[in-house]
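All remarks here apply to the structure that follows.
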Amino acid sequence: MDGSLDFKTLRESLQAALVATTRTANSIASEDLQFQRTVNPTVGSQLDNSSGRLLSLANGLLKSTANLTGQKVGALEDADDVDIQWRNIVDVIDSLLEKADTCLDEYTGLIKRKDAPTPADQGRAQKRVKSSNDRLDWSLKRANILKPQNNFEKKVDNFATGPWKPLLSSKPHAKVSLEDSLTTFVDNDNNTQYKHPYETEITTTPYPEHVYKKREPKEFLPIDSTSAIWVDTYEGVLEMLEALKQAKEIALDLEHHDFRTYTGLLSLMQISTREKDWVIDTLQPWRHKLEVLNEVFANPNIVKVLHGAFMDVIWLQRDLGLYVVGLFDTYHACAVLGYPGRSLGYLLSKFAEFEADKKYQLADWRIRPLPEEMFYYARSDTHYLLYIFDMLINELVERSTPGKPKPDLLEQVLERSKDVALQRYENPSYNVETGQGPRGWYNVLLKSPTLYNSEQFAVYKAVHKWRDDLARREDESPFFFMTQQVLADIARILPADKKALWSILDSNAKGLKPHLDELFDVIQKAKEAGVNGPKMMDIFKSDSSSLAPAKVAAVIADDSDIPDVKELKADRSQFWGGVTLSSVWDGTAAKTAKLDGMLEITLPYPADFMDGSAAQMEVDQQEEMAPEPQPVPEQVIVNQEFTLRSGGKRKREEESEEEEEASDAEMDDSAPQTETDAQTGGEAEGDDSDEEEEEEEEEEEEASDKSSKKSKKAARKEKKKQAKEALRAQRRAEKAAKKEAKKKAQEEVASAAKQAEGEEEKEDQPFDYSQAASVLRARKTQEDVKKANKRFNPYGNKSKEGPKGARAHYSAKAAGRTATFKK
C-alpha cells in the first residue's frame with residue numbers, strides 16, 4: 001500500500017476518534033456531576049475510577065515524553081496537581097507535538113533531513129531547503145550531558161574577586177613587554193582593572209598595505225572540494241598553525257554556550273583560509289594550550305576577518321588567552337556602507353547566494369560528537385567570509401579615495417575594528433546593596449514596570465543574591481535555576497507556604513527541588529527584615545539625588561576654561577544696536593530708585609519708543625538728581641456728584657420729554673448761542689461756567705462803583721435768561737412739528753393699505769383647488785405650534801378675577817436713562 005494513502009487513512013481515523021472523545025468530554029462537563037453523585041452512588045464510583053485511569057494515562061504520557069525531551073514533571077496525584085503543574089505539562093506537550101510534527105513531515109516526504117550537499121548539488125549557489133518547522137529540536141537546544149568544564153586542567157574560579165588578570169604566559173609580536181603591559185588602572189566606577197596587554201600594538205601598528213588596495217575577488221572553492229578538518233588534538237593545532245602562518249587573511253568565528261555554566265564556555269572555533277577550513281574543539285582538557293595561536297592572532301601582517309566580533313574578542317581572552325591584532329569586522333563595513341542588513345546571513349545571501357539556517361545559533365555547542373548539521377553550519381560561517389571580505393574592501397576603496405572631500409569609509413571601518421579589538425574581559429561581580437554591576441539587579445529593576453514595596457523589595461534582593469551564589473557554587477547559569485520572570489513573581493506574590501512556592505516555579509526550575517527548603521527560608525527571613533526597610537523607589541530616588549557627586553565636583557572644580565561673565569557680556573546688542581531697551585540700561589531706574597529708598601525695578605519701554613524717531617533719542621547720563629517732591633495737602637471735596645435713574649414705566653412716559661429738553665439745554669450751554677454772548681466774549685456754558693464768570697466779574701466790580709456793577713450784572717443775567725428761554729421754545733416747536741409730520745405720514749400709509757385691501761376684496765376670482773394646500777396634511781405655522789405647546793391652566797382665569805396682592809402693583813426697576821448732577 002502507498003505510504004501516503006496509508007497515512008491518510010490513519011489520520012482520518014484518529015481525527016474521528018478525537019472528535020468523538022472531545023464531544024463526550026464536553027457533554028460530561030456540562031452535567032451537574034455533584035448532583036449525579038448524590039442521587040446515584042454508582043455514578044460516583046464510576047467517575048472516580050475514570051479519573052484515576054485518566055491520571056495514570058497522563059502520568060505515563062508525561063513520563064515517556066520527559067525522557068525524550070529532557071523535561072521532567074512531578075507525578076499527578078489528583079486533579080489539583082494538574083492546575084499546580086500546568087506550566088510544566090504544557091511545555092512537555094508542546095515539545096511532544098513539535099517532534100510529532102517533524103516526524104510527520106519527514107514521513108510524508110514534505111521535508112528531508114538536511115545533509116551536506118552531494119556532488120550533484122554543487123555549484124556556486126549552495127542553498128539549503130528550510131524546514132517547515134523553524135524551531136530547533138529540544139535535544140539539540142538543551143542537551144543533557146556531563147559538564148565538560150569539570151575535566152579542564154585549569155578550573156575556572158567563579159568566586160574570584162578583584163581585577164581579572166589576563167591569561168597570557170608569553171606575548172608574541174610585542175612592542176611592549178608582557179611585564180610592562182600587565183599594569184592596572186582605575187575605571188569610571190572606581191574599580192581597579194588590568195589594561196589590555198596588546199593595547200599599544202593594536203593602536204599603533206598599521207594594517208598591511210594590501211588592505212588599502214583594490215583586488216580581484218578570489219572566488220571561494222566549492223564546499224565539497226575543500227576539506228573541513230576537525231581538530232581535537234594539540235598536534236592537530238600545531239599542524240594547523242603552520243598552515244595559518246602562510247596566509248595573508250584568515251576568517252574566524254566562534255560558537256559559545258552560557259546556559260550550563262556561570263561565566264560561559266567557548267565551545268567551538270572555526271578558521272578558514274582560501275583553501276581550507278578547520279573546526280577546533282575548544283572543550284578539550286588542554287584548552288589552555290591554544291594560547292599558542294597568538295603567533296597568528298597577534299600578528300599584524302595577517303588580517304583576521306570576523307563578523308560582529310564584539311563578544312568574540314572577550315571570549316577569546318577569557319577562555320584561551322588569545323588577542324586579535326589586525327581585526328577587520330565586516331559588521332562595521334555593512335554599517336558604514338549603509339547596507340539594509342548587517343547580519344552575516346545577509347552578507348552570505350548578497351555575495352555568496354547562500355542561505356544559512358540561523359536556528360543553530362541557539363544550539364548546545366557542547367554536544368560531542370558534533371551532529372553533521374551543526375558541523376556543516378559552523379563550517380559555512382567562515383568558508384565564504386574571505387570572498388565577502390574582498391567584495392567589501394573593493395567597495396570601500398572605491399568610495400574612499402584619499403585626498404578628496406569624501407569621507408574615508410575604509411579608515412572608519414578600520415578604526416571601529418580597532419575599538420572592538422580593545423575590549424577587555426572583567427570579572428562578573430556586583431554590589432549586593434546597590435545592585436550595580438554586570439550581574440546586578442539595578443538595571444533590571446530600572447526597566448521593570450513593577451513597583452515593589454519594602455517587603456517585596458527585600459525578598460527580591462535576597463532571592464537574587466541566593467540565586468547568584470547557588471549558580472556560582474554549582475557552576476550553572478543563574479537562569480538555569482530561576483528565570484527573571486519567576487524571580488519577579490516570587491517577590492510580587494510572596495508565597496506563604498512551600499506548595500505555593502513550588503507552583504510559582506516553572507519547568508526550567510527543576511534543579512531547585514533539592515534547595516526548595518533553603519529558598520523558602522530565605523524568603524521568610526527577607527520578609528521579616530524588609531518590614532521597615534526601603535522601598536524600590538527609595539533606592540532610585542537616592543541614587544538620582546546623589547549621582548556621582550565626586551564626578552560632578554570634579555567638573556565644577558575644573559573651571560579653568562570658563563571665561564569671566566564680563567567677558568561674555570557685550571556692550572552693544574547685535575540685534576537692537578544702540579537702542580536702549582530698559583530703564584536699567586539708560587540709568588533712569590537707578591535715579592528713581594534713590595527716591596525714598598525704593599528698589600531698582602527694570603521697566604521695559606513701551607512699543608512706541610522703539611519707532612524710528614524714538615530710536616534717535618539719547619538720555620543724558622549726567623542728569624542731576626531730581627528734587628524731592630513736596631507732599632501735597634489733602635483737599636476737602638465740597639462738590640460731590642450723584643446720579644439719578646429714571647423710574648418705572650409709569651413715570652418714564654411722563655418725564656421723557658422733560659429729560660430730553662434738559663439734556664439739549666445742557667448741550668446748548670457748552671457753545672456760544674446768541675449775539676449777546678458773542679459781544680461779551682463769553683460762552684454759554686453750564687452752571688459752573690456762570691458761577692466762575694460771576695466770581696471774576698465781582699472781583700473787577702469791587703474796584704469800581706458797587707452800584708454800577710450790580711446793574712450791569714443784573715442786565716447780563718436777564719439777557720442770558722431770555723436767550724435760553726427763546727432757544728428752548730424754538731426747539732419745542734421744532735419737535736412738535738416733527739411729531740405731527742410723523743403722525744400724518746403714518747395715517748397716510750394706513751389709509752393706503754386699507755384701500756388696497758378693499759380693491760382686492762372687490763375682485764371676484766374663482767378658487768383654484770389644484771393650488772390649494774392639503775387639509776389633512778396641512779403645514780403648521782409657528783403660531784399653531786405655540787398654541788399646541790401651550791399648557792392648559794385650569795386656574796389661570798380664576799386667578800385673574802381674584803384680588804391682587806401688593807406684589808402685582810410692584811414694578812421692577814428697569815434700565816433707563818441716567819443724568820449726573822452736582823450739589
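Ligands are numbered from 1 in the order shown, chains are lettered A, B, ... in the order of the C-alpha cells, and residues start at 1 in each chain.
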
Any chance you could list, as a ChimeraX atom specification, the residues in region 259-391 of chain A that come up strand (DSSP E) when DSSP is run on the backbone? /A:265-272,277-281,303-306,327-329

Write out as a ChimeraX atom specification the residues lying within 10 Å of region 136-146 of chain A, counting only C-alpha atoms and excluding same-chain residues fewer than 2 positions away. /A:68-71,95-96,98-99,102,133-134,148-151,259-260,358-368,371,374

Mind checking which residues fall within 9 Å of Glu216 (chain A), counting only C-alpha atoms, ignoring those fewer than 2 positions away in the same chain, and posting them as a list in words? Lys214, Lys218, Asp390, Met391 and Asn394 of chain A

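CA of Glu528 (chain A) to CA of Glu455 (chain A) spans 7.6 Å [interatomic distance, one decimal].
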
What lies within 12 Å of Tyr234 (chain A) using only C-alpha atoms, ignoring chain neighbours under 3 positions off, as a PyMOL selection string? chain A and resi 230-231+237-241+280-282+284-293

CA of Ser448 (chain A) and CA of Leu512 (chain A), how far apart in Å? 24.7 Å

I'd like a table as a Markdown table: residues in region 316-394 of chain A with an atom no more than 9 Å from region 418-421 of chain A, each row giving the shortest atom pair and its distance in Å to one decimal, only C-alpha atoms counted, sorted by chain and rising residue number.
```
| residue | atom | partner | partner_atom | distance |
| --- | --- | --- | --- | --- |
| A:Tyr323 | CA | A:Ala421 | CA | 7.8 |
| A:Val324 | CA | A:Ala421 | CA | 6.2 |
| A:Val325 | CA | A:Ala421 | CA | 7.1 |
| A:Gly326 | CA | A:Lys418 | CA | 7.6 |
| A:Leu327 | CA | A:Lys418 | CA | 6.6 |
| A:Phe328 | CA | A:Lys418 | CA | 8.2 |
| A:Asp329 | CA | A:Val420 | CA | 8.3 |
```

Preceding selection exported with all heavy atoms as a PDB file, in the first residue's frame:
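Resulting contents of result-v7.pdb:
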```pdb
ATOM      1  N   TYR A 323      44.460  37.123  21.780  1.00  0.00           N
ATOM      2  CA  TYR A 323      44.195  38.534  21.495  1.00  0.00           C
ATOM      3  C   TYR A 323      44.354  38.769  20.000  1.00  0.00           C
ATOM      4  O   TYR A 323      45.237  38.181  19.349  1.00  0.00           O
ATOM      5  CB  TYR A 323      45.150  39.430  22.277  1.00  0.00           C
ATOM      6  CG  TYR A 323      44.892  39.381  23.767  1.00  0.00           C
ATOM      7  CD1 TYR A 323      45.471  38.383  24.553  1.00  0.00           C
ATOM      8  CD2 TYR A 323      44.055  40.303  24.375  1.00  0.00           C
ATOM      9  CE1 TYR A 323      45.222  38.307  25.913  1.00  0.00           C
ATOM     10  CE2 TYR A 323      43.809  40.246  25.742  1.00  0.00           C
ATOM     11  CZ  TYR A 323      44.387  39.245  26.498  1.00  0.00           C
ATOM     12  OH  TYR A 323      44.133  39.183  27.846  1.00  0.00           O
ATOM     13  N   VAL A 324      43.469  39.619  19.439  1.00  0.00           N
ATOM     14  CA  VAL A 324      43.396  39.831  17.997  1.00  0.00           C
ATOM     15  C   VAL A 324      44.015  41.179  17.669  1.00  0.00           C
ATOM     16  O   VAL A 324      43.552  42.220  18.142  1.00  0.00           O
ATOM     17  CB  VAL A 324      41.945  39.755  17.493  1.00  0.00           C
ATOM     18  CG1 VAL A 324      41.903  39.961  15.984  1.00  0.00           C
ATOM     19  CG2 VAL A 324      41.319  38.417  17.869  1.00  0.00           C
ATOM     20  N   VAL A 325      45.044  41.156  16.829  1.00  0.00           N
ATOM     21  CA  VAL A 325      45.674  42.365  16.302  1.00  0.00           C
ATOM     22  C   VAL A 325      45.517  42.315  14.786  1.00  0.00           C
ATOM     23  O   VAL A 325      45.862  41.322  14.144  1.00  0.00           O
ATOM     24  CB  VAL A 325      47.160  42.450  16.687  1.00  0.00           C
ATOM     25  CG1 VAL A 325      47.787  43.723  16.117  1.00  0.00           C
ATOM     26  CG2 VAL A 325      47.324  42.399  18.200  1.00  0.00           C
ATOM     27  N   GLY A 326      44.998  43.387  14.205  1.00  0.00           N
ATOM     28  CA  GLY A 326      44.717  43.398  12.772  1.00  0.00           C
ATOM     29  C   GLY A 326      43.333  42.881  12.453  1.00  0.00           C
ATOM     30  O   GLY A 326      43.143  42.101  11.514  1.00  0.00           O
ATOM     31  N   LEU A 327      42.349  43.333  13.219  1.00  0.00           N
ATOM     32  CA  LEU A 327      40.966  42.862  13.052  1.00  0.00           C
ATOM     33  C   LEU A 327      40.252  43.668  11.973  1.00  0.00           C
ATOM     34  O   LEU A 327      40.389  44.900  11.898  1.00  0.00           O
ATOM     35  CB  LEU A 327      40.215  42.989  14.390  1.00  0.00           C
ATOM     36  CG  LEU A 327      38.706  42.763  14.364  1.00  0.00           C
ATOM     37  CD1 LEU A 327      38.372  41.322  14.006  1.00  0.00           C
ATOM     38  CD2 LEU A 327      38.091  43.139  15.712  1.00  0.00           C
ATOM     39  N   PHE A 328      39.464  42.964  11.158  1.00  0.00           N
ATOM     40  CA  PHE A 328      38.554  43.603  10.207  1.00  0.00           C
ATOM     41  C   PHE A 328      37.162  43.034  10.487  1.00  0.00           C
ATOM     42  O   PHE A 328      36.908  41.843  10.246  1.00  0.00           O
ATOM     43  CB  PHE A 328      38.964  43.339   8.763  1.00  0.00           C
ATOM     44  CG  PHE A 328      38.104  44.064   7.758  1.00  0.00           C
ATOM     45  CD1 PHE A 328      38.461  45.313   7.290  1.00  0.00           C
ATOM     46  CD2 PHE A 328      36.927  43.495   7.277  1.00  0.00           C
ATOM     47  CE1 PHE A 328      37.678  45.984   6.369  1.00  0.00           C
ATOM     48  CE2 PHE A 328      36.133  44.156   6.364  1.00  0.00           C
ATOM     49  CZ  PHE A 328      36.506  45.408   5.914  1.00  0.00           C
ATOM     50  N   ASP A 329      36.257  43.903  10.983  1.00  0.00           N
ATOM     51  CA  ASP A 329      34.904  43.474  11.347  1.00  0.00           C
ATOM     52  C   ASP A 329      33.964  43.814  10.202  1.00  0.00           C
ATOM     53  O   ASP A 329      33.732  44.997   9.888  1.00  0.00           O
ATOM     54  CB  ASP A 329      34.463  44.174  12.632  1.00  0.00           C
ATOM     55  CG  ASP A 329      33.253  43.504  13.280  1.00  0.00           C
ATOM     56  OD1 ASP A 329      32.515  42.826  12.552  1.00  0.00           O
ATOM     57  OD2 ASP A 329      33.064  43.674  14.489  1.00  0.00           O
TER      58      ASP A 329
END
```

For a quick check of understanding, using only C-alpha atoms, which of A:Lys541, A:Glu209, A:Phe351, A:Pro197 has the smallest distance to Ser170 (chain A)?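 Answer, going by the shortest atom-to-atom distance: A:Pro197.
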